[in-house]
Protein chains: 2
Amino acid sequence: MASTRPPLGMARLSARYRIETPLDPDLAAAAMAGEQSSGTFLKVAGETDALHERHAARVESVTRLDTAAAPSLPGALPGESYTRAEVTLSWPLENIGPSLPNLLATVLGNLTELRELSGIRLTDVALPREFIEACPGPQFSVPGTRRLAGVERGPLIGTIIKPSVGLTPEQTADLVAQLVEAGIDFIKDDELIADPPYSPLAERVPAVMRVIEAHAQRTGRKPMYAFNITGDLDEMRRRHDLVRDHGGTCVMASVNWIGLASLAALRRHSQLPIHGHRNGWGLFYRHPQIGIDYRAYQSLLRLAGADHLHVNGLGSKFAEADASVIDSARACLTPLLDAPGRDDRAMPVFSSAQTIHQAPATYAALQSTDLIYTCGGGIMGHPDGVAAGCRSLRAAWEATASGVTLEEHARQEPDLAVALRAFRSPFSG
Amino acid sequence: MASTRPPLGMARLSARYRIETPLDPDLAAAAMAGEQSSGTFLKVAGETDALHERHAARVESVTRLDTAAAPSLPGALPGESYTRAEVTLSWPLENIGPSLPNLLATVLGNLTELRELSGIRLTDVALPREFIEACPGPQFSVPGTRRLAGVERGPLIGTIIKPSVGLTPEQTADLVAQLVEAGIDFIKDDELIADPPYSPLAERVPAVMRVIEAHAQRTGRKPMYAFNITGDLDEMRRRHDLVRDHGGTCVMASVNWIGLASLAALRRHSQLPIHGHRNGWGLFYRHPQIGIDYRAYQSLLRLAGADHLHVNGLGSKFAEADASVIDSARACLTPLLDAPGRDDRAMPVFSSAQTIHQAPATYAALQSTDLIYTCGGGIMGHPDGVAAGCRSLRAAWEATASGVTLEEHARQEPDLAVALRAFRSPFSG
């Protein structure tokens, strides 16, 4: 049976930007399209009209927004004012083929350096089915993670090993013993520890997994531990195998520093969920007129194979606005491709100063408990101990998901009642 | 003989930042050090004073600079004013071991998200000898590149295949035939073409190398062609082998999209110089209060193994200031480690609207011709053709390096005289 799909040469990919320009936005958009396809400052031999027609980037739309009196970024051409606009460009998929690093070279490339732009932010990327299907995508996603962690519903209640640096493998294992005993679902290494001399993975993995396996034997449930295997691809593959061979159920990597290409190659090797840590992400989002929206970037990280992706948290200690956190989490939970049997969502990972108090607002915004909710002080700082901390968080999410206020549910959940008194809400001003 | 070097646990690495903060800069620096080592919002079990003493990041210096009335980045804590300062932090190497991606997680990590900072830019990184020696570093550097390209002195005169997209392997090979015939030293793929369906490397490499090998047979000199092999590590290794097996002498990768870890792993596999293309770099430098100075980043790219690194060019079409271009090129030519037989410089690659006119200013600032000088229109646009374009550029650099003005040298170099009339100087206002 012949395929009814258009051939590769027909499919197009598109990218959306928020730009600021001293020029007419239509001219700026044309400059962007030229730079990212067949543009050069001199027409050269071989550039026929037919070739241009087939391969040139196309300006799909330009929508003018507001105007600024001064440029947001230095180095732009001088202008009387700086117009902001939403621009959508498209390219034939044939220009790159289904390659994630080359997609970035095409949709970003030199655009961030153009003097025609005093602001340039990639806000979304739309890819044809051929591209999406050629990428590995999340292997475990939500259902695989739930199955491995033994958590059928509600968020995975998690924590991060602290202090971030300095604990020996034995000290780490002792802490893990307390945490699993207390009923935690998920534990992760900090992004500051991978395979350092004072705690090599070759020792940390067996020490931690001994504790977790013993707990699983005893209780029938194996909490998930995300070991930070960040390194070059060969190192990551070896470390993944080490984790797998000791019964571990998750590996973590600093996705911005290993790069999309390494993430995709790790995913093709991996038999475990990949926990994507986005440290360094502030470089890309912190200034509104330069960078990448997480909405765009998370889709590429998922195509490369991330099963879990960090999104900060509401009322966190970080600079990101709550609305941005929610937009990111919603994006992670939006399918890239609807197809039977396919689940390409990533579980959003909430962290940074999270306690029972953020549960209601988080749920109200997401209408989902398909997430990992990590707390440090919000668990460890419970006056009645770590187990009470875990129970209070689970109670908070149960209440929330069934439409009951924390205060009301606290009447029958003493750990939640204590937590409500112990932790200050970040929303109470 | 016992080593006189201190053990790994004694060595420290340091990073320098330009920050902006609503707080006292000393407090902001302390927050940075805490976040990037043992900081958490609650002191937890296991964090002893001895552990803290051994692993904590240390504030080495804080130098106050000017003050801004408004924050440069949104999301920071409110303040009456925003103080800029230079901050140096250090960490024990033991915290991470000699791993480039984990170095980035430590020196950048969550710093870019801290509410204590309304500006954060990494400006330099200083690494101990143990770290540098554990990294692969450039394999060919300047002397290896000169040897392979057959260019003893002066810059490598180069160009980029244009149009960037759409040429078939045969069309590309035809263009290469003209260029090598004209006497070019160096040709590169555009960053927009890697291994697309319309020009797969499996066809482009043999087609191009057939032309180059024939030229080498005839003339005894083999121009260097940098094939863009950007992809995941497995793809890059296969593509590298393809290039090598066809007699190619250089591979190119988009370093920001493959990531440092993949670059280092490619370097360990490679038998050819690695041409590092930094497209996307604007994301990191375009706003002065967020990002990374190339001075810092290029050192990491060299440690990972880049032999050539792009730096834009003077009077280019891009937003980068000329002073920044020169600082970047100088950094690429500054040894990371002085040791007998070691040459860890990267050849800076100048590009974007370069002609004969930028040679004098480039040389005056660098006092070196250890560079790759790529021109598009500056070669192809020569009224007497591509060969005259190449000769005019070589003449311009010969004049420059021997302290003669272009105008003076043009009296005995007719191609240079024509070029001087044909191309407008970007410095003439």
# chains A, B, ... in the order shown; residues from 1 in each chain; ligands from 1

call {"tool": "select_by_dssp", "arguments": {"residues": "range 33-216 of chain A", "states": "strand (DSSP E)", "output": "PyMOL selection string"}}
result
chain A and resi 58-68+82-92+119-126+156-160+186-188

call {"tool": "write_last_selection", "arguments": {"atoms": "N, CA, C and O atoms", "output": "compact mmCIF listing (two decimals), in the first residue's frame"}}
result
# COMPACT_ATOMS: atom_id res chain seq x y z
N ARG A 58 10.76 30.82 4.45
CA ARG A 58 9.59 31.61 4.06
C ARG A 58 9.08 32.38 5.29
O ARG A 58 9.01 31.82 6.38
N VAL A 59 8.74 33.62 5.09
CA VAL A 59 8.10 34.39 6.16
C VAL A 59 6.62 34.05 6.14
O VAL A 59 5.92 34.36 5.16
N GLU A 60 6.14 33.39 7.17
CA GLU A 60 4.74 32.97 7.19
C GLU A 60 3.82 34.05 7.74
O GLU A 60 2.69 34.20 7.32
N SER A 61 4.32 34.80 8.72
CA SER A 61 3.48 35.87 9.28
C SER A 61 4.33 36.85 10.07
O SER A 61 5.38 36.48 10.60
N VAL A 62 3.87 38.07 10.11
CA VAL A 62 4.49 39.14 10.91
C VAL A 62 3.34 39.89 11.58
O VAL A 62 2.47 40.42 10.90
N THR A 63 3.34 39.90 12.90
CA THR A 63 2.31 40.62 13.65
C THR A 63 2.96 41.68 14.52
O THR A 63 3.76 41.35 15.41
N ARG A 64 2.64 42.92 14.24
CA ARG A 64 3.24 44.02 15.02
C ARG A 64 2.67 44.06 16.43
O ARG A 64 1.46 43.92 16.61
N LEU A 65 3.57 44.31 17.38
CA LEU A 65 3.13 44.46 18.78
C LEU A 65 3.43 45.90 19.19
O LEU A 65 3.21 46.80 18.40
N ASP A 66 4.00 46.10 20.35
CA ASP A 66 4.26 47.47 20.81
C ASP A 66 5.59 48.01 20.27
O ASP A 66 6.30 47.32 19.52
N THR A 67 5.90 49.23 20.67
CA THR A 67 7.12 49.89 20.22
C THR A 67 7.91 50.36 21.44
O THR A 67 7.32 50.82 22.42
N ALA A 68 9.23 50.20 21.38
CA ALA A 68 10.08 50.66 22.47
C ALA A 68 10.90 51.85 21.99
O ALA A 68 11.27 51.93 20.82
N TYR A 82 11.89 51.20 18.14
CA TYR A 82 12.16 49.77 18.01
C TYR A 82 10.85 49.03 18.13
O TYR A 82 10.23 49.01 19.18
N THR A 83 10.44 48.44 17.01
CA THR A 83 9.13 47.80 16.95
C THR A 83 9.25 46.34 17.36
O THR A 83 10.14 45.62 16.90
N ARG A 84 8.35 45.94 18.21
CA ARG A 84 8.28 44.52 18.58
C ARG A 84 7.23 43.83 17.71
O ARG A 84 6.22 44.43 17.35
N ALA A 85 7.51 42.60 17.38
CA ALA A 85 6.60 41.87 16.49
C ALA A 85 6.73 40.38 16.74
O ALA A 85 7.75 39.90 17.25
N GLU A 86 5.68 39.67 16.39
CA GLU A 86 5.75 38.21 16.38
C GLU A 86 5.95 37.78 14.94
O GLU A 86 5.20 38.21 14.06
N VAL A 87 6.97 36.97 14.72
CA VAL A 87 7.33 36.54 13.36
C VAL A 87 7.31 35.01 13.31
O VAL A 87 7.81 34.35 14.22
N THR A 88 6.73 34.47 12.27
CA THR A 88 6.81 33.02 12.04
C THR A 88 7.52 32.76 10.71
O THR A 88 7.16 33.34 9.69
N LEU A 89 8.55 31.93 10.78
CA LEU A 89 9.28 31.52 9.58
C LEU A 89 9.07 30.03 9.37
O LEU A 89 8.82 29.29 10.33
N SER A 90 9.20 29.60 8.12
CA SER A 90 9.16 28.15 7.88
C SER A 90 10.25 27.75 6.90
O SER A 90 10.74 28.58 6.13
N TRP A 91 10.65 26.49 6.99
CA TRP A 91 11.69 25.92 6.13
C TRP A 91 11.20 24.57 5.61
O TRP A 91 10.47 23.87 6.32
N PRO A 92 11.65 24.17 4.45
CA PRO A 92 11.40 22.79 4.05
C PRO A 92 12.21 21.85 4.94
O PRO A 92 13.38 22.14 5.23
N GLY A 119 16.14 42.66 19.58
CA GLY A 119 15.53 41.69 20.47
C GLY A 119 15.20 40.46 19.64
O GLY A 119 14.75 40.59 18.49
N ILE A 120 15.46 39.26 20.16
CA ILE A 120 15.19 38.04 19.39
C ILE A 120 15.01 36.88 20.36
O ILE A 120 15.94 36.50 21.08
N ARG A 121 13.80 36.36 20.37
CA ARG A 121 13.50 35.25 21.26
C ARG A 121 12.71 34.20 20.50
O ARG A 121 11.69 34.52 19.87
N LEU A 122 13.19 32.98 20.55
CA LEU A 122 12.49 31.86 19.92
C LEU A 122 11.39 31.43 20.88
O LEU A 122 11.66 31.05 22.02
N THR A 123 10.13 31.50 20.43
CA THR A 123 9.03 31.21 21.36
C THR A 123 8.34 29.87 21.10
O THR A 123 7.73 29.32 22.01
N ASP A 124 8.45 29.35 19.90
CA ASP A 124 7.81 28.05 19.66
C ASP A 124 8.39 27.42 18.39
O ASP A 124 8.90 28.12 17.52
N VAL A 125 8.32 26.12 18.32
CA VAL A 125 8.79 25.39 17.15
C VAL A 125 7.71 24.37 16.80
O VAL A 125 7.21 23.68 17.69
N ALA A 126 7.32 24.30 15.54
CA ALA A 126 6.34 23.29 15.09
C ALA A 126 7.01 22.40 14.07
O ALA A 126 7.54 22.89 13.07
N LEU A 156 4.63 12.16 42.24
CA LEU A 156 5.72 11.51 42.95
C LEU A 156 6.28 12.54 43.94
O LEU A 156 6.66 13.65 43.54
N ILE A 157 6.25 12.17 45.22
CA ILE A 157 6.79 13.07 46.25
C ILE A 157 8.30 12.80 46.33
O ILE A 157 8.72 11.67 46.59
N GLY A 158 9.07 13.84 46.09
CA GLY A 158 10.51 13.61 45.98
C GLY A 158 11.34 14.58 46.78
O GLY A 158 10.83 15.54 47.37
N THR A 159 12.62 14.30 46.80
CA THR A 159 13.56 15.22 47.45
C THR A 159 14.92 15.10 46.77
O THR A 159 15.14 14.22 45.93
N ILE A 160 15.80 16.02 47.15
CA ILE A 160 17.13 16.10 46.56
C ILE A 160 18.13 15.90 47.68
O ILE A 160 17.95 16.45 48.77
N PHE A 186 10.65 9.44 45.37
CA PHE A 186 11.64 9.84 44.39
C PHE A 186 12.77 10.61 45.08
O PHE A 186 12.51 11.49 45.91
N ILE A 187 14.00 10.27 44.74
CA ILE A 187 15.17 10.99 45.28
C ILE A 187 16.09 11.30 44.11
O ILE A 187 16.22 10.49 43.18
N LYS A 188 16.70 12.46 44.15
CA LYS A 188 17.67 12.74 43.09
C LYS A 188 18.97 13.29 43.64
O LYS A 188 19.01 13.96 44.67

call {"tool": "residues_around", "arguments": {"residues": "range 231-246 of chain A", "least_positions_apart": "3", "cutoff": "6 Å", "atoms": "only C-alpha atoms", "output": "ChimeraX atom specification"}}
result
/A:262 /B:261-262

call {"tool": "write_last_selection", "arguments": {"atoms": "all heavy atoms", "output": "PDB file, in the first residue's frame"}}
result
ATOM      1  N   SER A 262      23.821  14.579  22.486  1.00  0.00           N
ATOM      2  CA  SER A 262      24.203  13.554  23.459  1.00  0.00           C
ATOM      3  C   SER A 262      22.975  12.996  24.162  1.00  0.00           C
ATOM      4  O   SER A 262      22.914  11.807  24.473  1.00  0.00           O
ATOM      5  CB  SER A 262      25.153  14.138  24.518  1.00  0.00           C
ATOM      6  OG  SER A 262      26.464  14.197  24.046  1.00  0.00           O
TER       7      SER A 262
ATOM      8  N   ALA B 261      30.455  18.030  25.949  1.00  0.00           N
ATOM      9  CA  ALA B 261      30.762  16.625  26.207  1.00  0.00           C
ATOM     10  C   ALA B 261      30.908  15.863  24.888  1.00  0.00           C
ATOM     11  O   ALA B 261      31.812  15.038  24.728  1.00  0.00           O
ATOM     12  CB  ALA B 261      29.663  16.006  27.069  1.00  0.00           C
ATOM     13  N   SER B 262      30.040  16.161  23.927  1.00  0.00           N
ATOM     14  CA  SER B 262      30.162  15.512  22.620  1.00  0.00           C
ATOM     15  C   SER B 262      31.413  15.981  21.896  1.00  0.00           C
ATOM     16  O   SER B 262      32.063  15.207  21.190  1.00  0.00           O
ATOM     17  CB  SER B 262      28.944  15.833  21.738  1.00  0.00           C
ATOM     18  OG  SER B 262      27.861  15.007  22.060  1.00  0.00           O
TER      19      SER B 262
END

call {"tool": "closest_residue", "arguments": {"among": "A:His52, A:His308, A:His357, A:Arg391", "to": "chain B", "atoms": "only C-alpha atoms"}}
result
A:His52

call {"tool": "atom_distance", "arguments": {"atom1": "CA of Arg221 in chain A", "atom2": "CA of Leu420 in chain A"}}
result
28.5 Å

call {"tool": "residues_around", "arguments": {"residues": "Gly109 in chain A", "least_positions_apart": "3", "cutoff": "8 Å", "atoms": "only C-alpha atoms", "output": "list of chain:residue names"}}
result
A:Gln36, A:Leu104, A:Ala105, A:Thr106, A:Thr112, B:Glu191, B:Leu192, B:Asn279, B:Gly280

call {"tool": "closest_residue", "arguments": {"among": "B:Pro163, B:Ala15, B:Met380, B:Glu20", "to": "Arg295 in chain B", "atoms": "only C-alpha atoms"}}
result
B:Ala15

call {"tool": "residues_around", "arguments": {"residues": "Ile212 in chain B", "least_positions_apart": "4", "cutoff": "7 Å", "atoms": "only C-alpha atoms", "output": "PyMOL selection string"}}
result
chain B and resi 208+216+222-223

call {"tool": "residues_around", "arguments": {"residues": "Leu314 in chain A", "least_positions_apart": "5", "cutoff": "7 Å", "atoms": "only C-alpha atoms", "output": "short mmCIF file (atom, residue, chain, number, x, y, z; two decimals) with C-alpha atoms, in the first residue's frame"}}
result
data_model
loop_
_atom_site.label_atom_id
_atom_site.label_comp_id
_atom_site.auth_asym_id
_atom_site.auth_seq_id
_atom_site.Cartn_x
_atom_site.Cartn_y
_atom_site.Cartn_z
CA ASP A 322 4.92 31.77 38.42
CA VAL A 325 6.54 28.00 35.53
CA GLN A 358 2.07 25.21 46.57
#

call {"tool": "atom_distance", "arguments": {"atom1": "CA of Leu108 in chain B", "atom2": "CA of Ser164 in chain A"}}
result
14.8 Å

call {"tool": "residues_around", "arguments": {"residues": "Cys135 in chain A", "least_positions_apart": "6", "cutoff": "9 Å", "atoms": "only C-alpha atoms", "output": "number ranges by chain"}}
result
A: 98-100, 264, 303-305

call {"tool": "select_by_dssp", "arguments": {"residues": "range 74-309 of chain B", "states": "alpha helix (DSSP H)", "output": "JSON, numbers by chain"}}
result
{"B": [100, 101, 102, 103, 104, 105, 106, 107, 129, 130, 131, 132, 133, 134, 141, 142, 143, 144, 145, 146, 147, 148, 149, 169, 170, 171, 172, 173, 174, 175, 176, 177, 178, 179, 180, 181, 201, 202, 203, 204, 205, 206, 207, 208, 209, 210, 211, 212, 213, 214, 215, 216, 217, 218, 219, 233, 234, 235, 236, 237, 238, 239, 240, 241, 242, 243, 244, 245, 255, 256, 257, 258, 260, 261, 262, 263, 264, 265, 266, 267, 268, 269, 282, 283, 284, 285, 294, 295, 296, 297, 298, 299, 300, 301, 302, 303, 304]}

call {"tool": "residues_around", "arguments": {"residues": "Phe318 in chain A", "least_positions_apart": "2", "cutoff": "10 Å", "atoms": "only C-alpha atoms", "output": "list in words"}}
result
Gly282, Asn312, Gly313, Leu314, Gly315, Ser316, Glu320, Ala321, Asp322, Ser352 and Ala353 of chain A; Gly75, Ala76, Leu77, Asn110, Leu111, Thr112, Glu113, Leu114, Arg115, Glu116 and Leu117 of chain B

call {"tool": "write_last_selection", "arguments": {"atoms": "N, CA and C atoms", "output": "mmCIF file, in the first residue's frame"}}
result
data_model
loop_
_atom_site.group_PDB
_atom_site.id
_atom_site.type_symbol
_atom_site.label_atom_id
_atom_site.label_comp_id
_atom_site.auth_asym_id
_atom_site.auth_seq_id
_atom_site.Cartn_x
_atom_site.Cartn_y
_atom_site.Cartn_z
ATOM 1 N N GLY A 282 18.695 29.682 33.016
ATOM 2 C CA GLY A 282 18.549 31.129 33.155
ATOM 3 C C GLY A 282 19.245 31.890 32.038
ATOM 4 N N ASN A 312 11.184 24.537 37.694
ATOM 5 C CA ASN A 312 11.119 25.333 38.925
ATOM 6 C C ASN A 312 9.798 25.050 39.640
ATOM 7 N N GLY A 313 9.303 26.015 40.428
ATOM 8 C CA GLY A 313 8.058 25.784 41.142
ATOM 9 C C GLY A 313 7.400 27.114 41.453
ATOM 10 N N LEU A 314 6.139 27.064 41.871
ATOM 11 C CA LEU A 314 5.452 28.315 42.236
ATOM 12 C C LEU A 314 6.060 28.875 43.517
ATOM 13 N N GLY A 315 6.142 30.187 43.600
ATOM 14 C CA GLY A 315 6.674 30.823 44.810
ATOM 15 C C GLY A 315 8.060 30.337 45.166
ATOM 16 N N SER A 316 8.888 30.116 44.170
ATOM 17 C CA SER A 316 10.214 29.539 44.415
ATOM 18 C C SER A 316 11.192 30.622 44.828
ATOM 19 N N GLU A 320 12.258 33.223 38.166
ATOM 20 C CA GLU A 320 11.209 32.955 37.185
ATOM 21 C C GLU A 320 9.821 33.262 37.748
ATOM 22 N N ALA A 321 8.991 33.910 36.935
ATOM 23 C CA ALA A 321 7.630 34.236 37.356
ATOM 24 C C ALA A 321 6.776 32.966 37.389
ATOM 25 N N ASP A 322 5.790 32.942 38.296
ATOM 26 C CA ASP A 322 4.922 31.771 38.422
ATOM 27 C C ASP A 322 4.214 31.435 37.107
ATOM 28 N N SER A 352 12.482 23.812 44.347
ATOM 29 C CA SER A 352 12.905 25.099 44.900
ATOM 30 C C SER A 352 11.853 25.661 45.851
ATOM 31 N N ALA A 353 12.123 25.481 47.136
ATOM 32 C CA ALA A 353 11.300 26.057 48.208
ATOM 33 C C ALA A 353 9.849 25.592 48.179
ATOM 34 N N GLY B 75 12.768 39.910 37.641
ATOM 35 C CA GLY B 75 12.689 38.778 38.564
ATOM 36 C C GLY B 75 13.575 38.895 39.782
ATOM 37 N N ALA B 76 14.437 39.927 39.817
ATOM 38 C CA ALA B 76 15.325 40.071 40.965
ATOM 39 C C ALA B 76 14.563 40.633 42.161
ATOM 40 N N LEU B 77 15.127 40.459 43.342
ATOM 41 C CA LEU B 77 14.584 41.087 44.535
ATOM 42 C C LEU B 77 14.567 42.596 44.310
ATOM 43 N N ASN B 110 22.640 27.094 38.675
ATOM 44 C CA ASN B 110 21.445 27.905 38.924
ATOM 45 C C ASN B 110 21.737 29.387 39.129
ATOM 46 N N LEU B 111 22.993 29.803 39.008
ATOM 47 C CA LEU B 111 23.330 31.206 39.307
ATOM 48 C C LEU B 111 22.487 32.174 38.481
ATOM 49 N N THR B 112 22.228 31.793 37.236
ATOM 50 C CA THR B 112 21.498 32.704 36.347
ATOM 51 C C THR B 112 20.037 32.872 36.758
ATOM 52 N N GLU B 113 19.587 32.066 37.719
ATOM 53 C CA GLU B 113 18.186 32.150 38.152
ATOM 54 C C GLU B 113 18.028 32.820 39.513
ATOM 55 N N LEU B 114 19.117 33.197 40.149
ATOM 56 C CA LEU B 114 19.022 33.715 41.520
ATOM 57 C C LEU B 114 18.323 35.078 41.570
ATOM 58 N N ARG B 115 17.398 35.216 42.487
ATOM 59 C CA ARG B 115 16.721 36.508 42.663
ATOM 60 C C ARG B 115 17.659 37.549 43.265
ATOM 61 N N GLU B 116 18.754 37.087 43.853
ATOM 62 C CA GLU B 116 19.739 38.025 44.412
ATOM 63 C C GLU B 116 20.484 38.772 43.313
ATOM 64 N N LEU B 117 20.348 38.329 42.082
ATOM 65 C CA LEU B 117 21.110 38.934 40.987
ATOM 66 C C LEU B 117 20.170 39.520 39.931
#

call {"tool": "closest_residue", "arguments": {"among": "A:Arg153, A:Leu266, A:Leu300, A:His277", "to": "Ala401 in chain A", "atoms": "only C-alpha atoms"}}
result
A:Arg153

call {"tool": "closest_residue", "arguments": {"among": "A:Gly291, A:Pro128, A:Pro78, A:Pro340", "to": "chain B", "atoms": "only C-alpha atoms"}}
result
A:Gly291

call {"tool": "closest_residue", "arguments": {"among": "B:Ala30, B:Val418, B:Ala396, B:Leu167", "to": "chain A", "atoms": "only C-alpha atoms"}}
result
B:Leu167

call {"tool": "decode", "arguments": {"residues": "range 108-115 of chain A", "atoms": "all heavy atoms", "output": "PDB file, in the first residue's frame"}}
result
ATOM      1  N   LEU A 108      17.824  28.914  15.010  1.00  0.00           N
ATOM      2  CA  LEU A 108      18.505  29.978  15.767  1.00  0.00           C
ATOM      3  C   LEU A 108      19.736  30.470  15.018  1.00  0.00           C
ATOM      4  O   LEU A 108      19.788  31.583  14.557  1.00  0.00           O
ATOM      5  CB  LEU A 108      18.880  29.480  17.166  1.00  0.00           C
ATOM      6  CG  LEU A 108      17.737  29.598  18.182  1.00  0.00           C
ATOM      7  CD1 LEU A 108      18.044  28.840  19.444  1.00  0.00           C
ATOM      8  CD2 LEU A 108      17.458  31.065  18.501  1.00  0.00           C
ATOM      9  N   GLY A 109      20.761  29.588  14.909  1.00  0.00           N
ATOM     10  CA  GLY A 109      21.956  29.939  14.140  1.00  0.00           C
ATOM     11  C   GLY A 109      22.442  31.338  14.450  1.00  0.00           C
ATOM     12  O   GLY A 109      22.633  31.705  15.610  1.00  0.00           O
ATOM     13  N   ASN A 110      22.639  32.117  13.402  1.00  0.00           N
ATOM     14  CA  ASN A 110      23.175  33.466  13.580  1.00  0.00           C
ATOM     15  C   ASN A 110      22.109  34.521  13.857  1.00  0.00           C
ATOM     16  O   ASN A 110      22.442  35.707  13.956  1.00  0.00           O
ATOM     17  CB  ASN A 110      23.955  33.878  12.328  1.00  0.00           C
ATOM     18  CG  ASN A 110      25.221  33.058  12.164  1.00  0.00           C
ATOM     19  OD1 ASN A 110      25.796  32.585  13.141  1.00  0.00           O
ATOM     20  ND2 ASN A 110      25.668  32.894  10.930  1.00  0.00           N
ATOM     21  N   LEU A 111      20.851  34.123  13.983  1.00  0.00           N
ATOM     22  CA  LEU A 111      19.794  35.129  14.161  1.00  0.00           C
ATOM     23  C   LEU A 111      20.058  36.030  15.358  1.00  0.00           C
ATOM     24  O   LEU A 111      19.760  37.226  15.329  1.00  0.00           O
ATOM     25  CB  LEU A 111      18.433  34.452  14.340  1.00  0.00           C
ATOM     26  CG  LEU A 111      17.815  33.817  13.100  1.00  0.00           C
ATOM     27  CD1 LEU A 111      16.449  33.243  13.436  1.00  0.00           C
ATOM     28  CD2 LEU A 111      17.705  34.836  11.972  1.00  0.00           C
ATOM     29  N   THR A 112      20.623  35.439  16.410  1.00  0.00           N
ATOM     30  CA  THR A 112      20.851  36.212  17.643  1.00  0.00           C
ATOM     31  C   THR A 112      21.936  37.268  17.466  1.00  0.00           C
ATOM     32  O   THR A 112      22.141  38.086  18.345  1.00  0.00           O
ATOM     33  CB  THR A 112      21.248  35.267  18.786  1.00  0.00           C
ATOM     34  OG1 THR A 112      22.322  34.434  18.325  1.00  0.00           O
ATOM     35  CG2 THR A 112      20.090  34.381  19.195  1.00  0.00           C
ATOM     36  N   GLU A 113      22.646  37.232  16.349  1.00  0.00           N
ATOM     37  CA  GLU A 113      23.722  38.198  16.126  1.00  0.00           C
ATOM     38  C   GLU A 113      23.360  39.276  15.113  1.00  0.00           C
ATOM     39  O   GLU A 113      24.172  40.161  14.828  1.00  0.00           O
ATOM     40  CB  GLU A 113      24.980  37.466  15.639  1.00  0.00           C
ATOM     41  CG  GLU A 113      25.456  36.383  16.591  1.00  0.00           C
ATOM     42  CD  GLU A 113      26.959  36.193  16.508  1.00  0.00           C
ATOM     43  OE1 GLU A 113      27.702  37.198  16.535  1.00  0.00           O
ATOM     44  OE2 GLU A 113      27.393  35.029  16.398  1.00  0.00           O
ATOM     45  N   LEU A 114      22.168  39.194  14.533  1.00  0.00           N
ATOM     46  CA  LEU A 114      21.825  40.137  13.458  1.00  0.00           C
ATOM     47  C   LEU A 114      21.677  41.561  13.971  1.00  0.00           C
ATOM     48  O   LEU A 114      20.992  41.807  14.964  1.00  0.00           O
ATOM     49  CB  LEU A 114      20.521  39.702  12.784  1.00  0.00           C
ATOM     50  CG  LEU A 114      20.553  38.457  11.917  1.00  0.00           C
ATOM     51  CD1 LEU A 114      19.216  38.310  11.196  1.00  0.00           C
ATOM     52  CD2 LEU A 114      21.695  38.509  10.918  1.00  0.00           C
ATOM     53  N   ARG A 115      22.292  42.501  13.258  1.00  0.00           N
ATOM     54  CA  ARG A 115      22.152  43.915  13.616  1.00  0.00           C
ATOM     55  C   ARG A 115      20.749  44.424  13.305  1.00  0.00           C
ATOM     56  O   ARG A 115      20.337  45.465  13.797  1.00  0.00           O
ATOM     57  CB  ARG A 115      23.180  44.749  12.853  1.00  0.00           C
ATOM     58  CG  ARG A 115      24.606  44.365  13.216  1.00  0.00           C
ATOM     59  CD  ARG A 115      25.604  45.173  12.427  1.00  0.00           C
ATOM     60  NE  ARG A 115      25.602  46.558  12.874  1.00  0.00           N
ATOM     61  CZ  ARG A 115      25.964  47.589  12.126  1.00  0.00           C
ATOM     62  NH1 ARG A 115      26.346  47.395  10.883  1.00  0.00           N
ATOM     63  NH2 ARG A 115      25.949  48.814  12.606  1.00  0.00           N
TER      64      ARG A 115
END
